[in-house]
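First up is the structure itself, then whatever we jot down about it.
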Amino acid sequence: MGKCLPFSGVKWILKFLEMHYRALGMEPKMIEIDGGQTVMNCWVPVETSKPAQESTPPKPALVLLHGFGLSGFFGWESQTHAFVKDFRVYVPDLVFFGKSYTNSSERSEIFQAECVKKMLDVLKVDQCHLMGTSYGGMVAFRIASLYPEMVNKVVLASSGIMMDHTTNNKLLEHLKADDIKEILVPKDVAHLKLGLSTATTKKIWAIPSFILRDLYEKFYLDNQKEKEELVDGTVIGSVDAPPLPKITQEVLILWGSKDKIFDPELAVQLKTYIGDKAELHMIEGCGHVPQIEKPREFNQQVLQFLR
């Protein structure tokens, strides 16, 4: 969903993004966990053979968790270049997105959180900041609650952590859809276009059909059954969801003021729930993806909070 989408095929965009990540000193790694039952793909800092100077402490780790749709690789490019100077940045694909997969039957965001933790253990990351957007924010929240000793600060962007089983009703009525899976796991390009146009204030309808078709074939054809199971398996917002745990970390909540997916009122509720350790910044004029629509303001807020 970068600005170059209307002018180039998705294949070339991905090639450009790969060059971007590698130029930042990052490389992809496939990491086996649970005895190889699950494999996580993650862009990680390139290991260097140069010994660190004793007077220079290592940079803190920052893990970026993507939303429900594409992959970690596609959508964080405006953040990675802004953060690598101050942080060791890790960008994983969550299970069944990008190149990550599992043979387990588990499908909840809690399982995703456990997988990210085990991946970080393999990478020898024992302390980190977390930043998650939308579905990735739910995973980040679960990691912070399950493993408080590992997580320092948390950034939650556009994440419906306070949703309940009725939250999507208004959106579905507006879109004339029967199930949120029609948007999250689109069965055709028309539904993809509908979902993208709902997520952003940008003019998605101006993107040529061949670009959207490429995007659909690259990111949405694979693992459709498993992704539908991920939607159904999400504990947050389910009918019989247990009470949310409390998290103890400092939290920055970022939200687009025109978010059509998750009403900004959910951001206010989340801040109230977390309490004094949470701060909320509303990004004016943005939809569900402020990190893409207004990356400069988004990054400035994150860096100010994490520093």
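Note on naming: chains are A, B, ... as they come in the structure tokens, residues start from 1 per chain, ligands start from 1 in the order shown.
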- Task: Extract the full set of alpha helix (DSSP H) residues from range 47-203 of chain A according to DSSP on the backbone, and format it as an NGL selection string.
- Result: :A and (77-83 or 109-122 or 135-146 or 169-175 or 181-184 or 189-199)
- Message: Please list as a PyMOL selection string every residue within 12 Å of range 184-188 of chain A, counting only C-alpha atoms and excluding residues in the same chain fewer than 5 positions away.
- Response: chain A and resi 67-70+96-97+134-135+168+172+177+179+193-196+198-199+209+212-217+219-232+261
For His66 in chain A, work out the shell of residues within 7 Å, counting only C-alpha atoms and skipping chain neighbours fewer than 4 positions away, then give it as a PDB file with N, CA and C atoms, in the first residue's frame.
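Final output, saved to result26.pdb:
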```pdb
ATOM      1  N   SER A  71       1.702  -8.880   5.309  1.00  0.00           N
ATOM      2  CA  SER A  71       2.771  -9.552   6.036  1.00  0.00           C
ATOM      3  C   SER A  71       3.561  -8.495   6.777  1.00  0.00           C
ATOM      4  N   GLY A  72       4.540  -8.914   7.570  1.00  0.00           N
ATOM      5  CA  GLY A  72       5.365  -7.946   8.267  1.00  0.00           C
ATOM      6  C   GLY A  72       6.209  -7.123   7.319  1.00  0.00           C
ATOM      7  N   GLY A 132       2.522  -2.953  17.767  1.00  0.00           N
ATOM      8  CA  GLY A 132       1.609  -3.740  16.960  1.00  0.00           C
ATOM      9  C   GLY A 132       0.470  -2.887  16.439  1.00  0.00           C
ATOM     10  N   THR A 133       0.071  -3.155  15.211  1.00  0.00           N
ATOM     11  CA  THR A 133      -1.043  -2.438  14.619  1.00  0.00           C
ATOM     12  C   THR A 133      -2.204  -3.397  14.391  1.00  0.00           C
ATOM     13  N   GLY A 136      -2.063  -7.146  15.009  1.00  0.00           N
ATOM     14  CA  GLY A 136      -0.757  -7.218  15.633  1.00  0.00           C
ATOM     15  C   GLY A 136      -0.715  -6.551  16.993  1.00  0.00           C
TER      16      GLY A 136
END
```
- Any idea what's packed within 7 Å of Ser108 in chain A, counting only C-alpha atoms, ignoring anything in its chain fewer than 5 positions away? Could you give it as a list in words?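 My reading of the contact set: Leu230, Gly233, Thr234 and Val235 of chain A.
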Restrict the selected residues to C-alpha atoms and save them as a compact mmCIF listing (two decimals), in the first residue's frame.
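What ended up in again-v6.txt:
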```txt
# COMPACT_ATOMS: atom_id res chain seq x y z
CA LEU A 230 -7.53 -17.17 12.82
CA GLY A 233 -10.08 -18.25 16.88
CA THR A 234 -9.43 -14.71 18.11
CA VAL A 235 -10.30 -14.60 21.79
```
- Nearby residues (only C-alpha atoms) at most 10 Å from Glu279 in chain A, same-chain spacing under 5 positions excluded, as number ranges by chain: A: 155, 250-254, 268, 270-272, 274, 305
Keeping N, CA and C atoms for every residue in the selection just given, could you write it to a file as a CSV table (one decimal), in the first residue's frame?
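Heads up, here's the output in result30.csv:
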```csv
chain,number,residue,atom,x,y,z
A,155,VAL,N,3.6,-0.1,22.0
A,155,VAL,CA,2.9,0.9,21.2
A,155,VAL,C,1.8,0.1,20.6
A,250,GLU,N,4.4,0.8,30.3
A,250,GLU,CA,4.0,2.0,29.7
A,250,GLU,C,3.5,1.8,28.3
A,251,VAL,N,2.4,2.4,27.9
A,251,VAL,CA,1.8,2.1,26.6
A,251,VAL,C,1.5,3.4,25.9
A,252,LEU,N,1.8,3.5,24.6
A,252,LEU,CA,1.4,4.6,23.7
A,252,LEU,C,0.3,4.0,22.8
A,253,ILE,N,-0.8,4.7,22.8
A,253,ILE,CA,-1.9,4.3,21.9
A,253,ILE,C,-2.0,5.3,20.8
A,254,LEU,N,-1.9,4.9,19.6
A,254,LEU,CA,-2.0,5.7,18.4
A,254,LEU,C,-3.2,5.3,17.6
A,268,VAL,N,-10.1,5.5,23.4
A,268,VAL,CA,-10.4,6.1,24.7
A,268,VAL,C,-10.7,5.0,25.7
A,270,LEU,N,-9.6,2.0,25.7
A,270,LEU,CA,-8.3,1.3,26.0
A,270,LEU,C,-7.4,2.1,27.0
A,271,LYS,N,-7.4,3.4,26.7
A,271,LYS,CA,-6.6,4.2,27.6
A,271,LYS,C,-7.1,4.2,29.1
A,272,THR,N,-8.4,4.3,29.2
A,272,THR,CA,-9.1,4.2,30.5
A,272,THR,C,-8.8,2.9,31.2
A,274,ILE,N,-6.2,0.7,30.7
A,274,ILE,CA,-4.8,0.6,31.1
A,274,ILE,C,-4.5,1.5,32.2
A,305,PHE,N,8.2,8.6,22.5
A,305,PHE,CA,7.7,7.7,23.6
A,305,PHE,C,8.8,6.7,24.0
```
- Message: I'd like to know which of A:Lys170, A:Lys181, A:Arg296, A:His288 is closest to Pro264 in chain A, using only C-alpha atoms.
- Response: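 Smallest separation from Pro264 in chain A among the options: A:His288.
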- Query: Given the choices A:Met26, A:Ile283, A:Val151, A:Leu120, which gets closest to Pro45 in chain A if the distance is worked out from only C-alpha atoms?
  - Reply: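 Checking each candidate against Pro45 in chain A, we get A:Met26 as the closest.
Nearest-residue note for Phe111 in chain A: choosing from A:Ala140, A:Pro60, A:Gly25, A:Ala241, the minimum distance belongs to A:Ala140, counting only C-alpha atoms.
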- Message: When you count only C-alpha atoms, which of these residues is closest to Ala113 in chain A: A:Asp93, A:Asp276, A:Glu297, A:Glu77?
- Response: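 Result for the nearest residue to Ala113 in chain A: A:Asp93.
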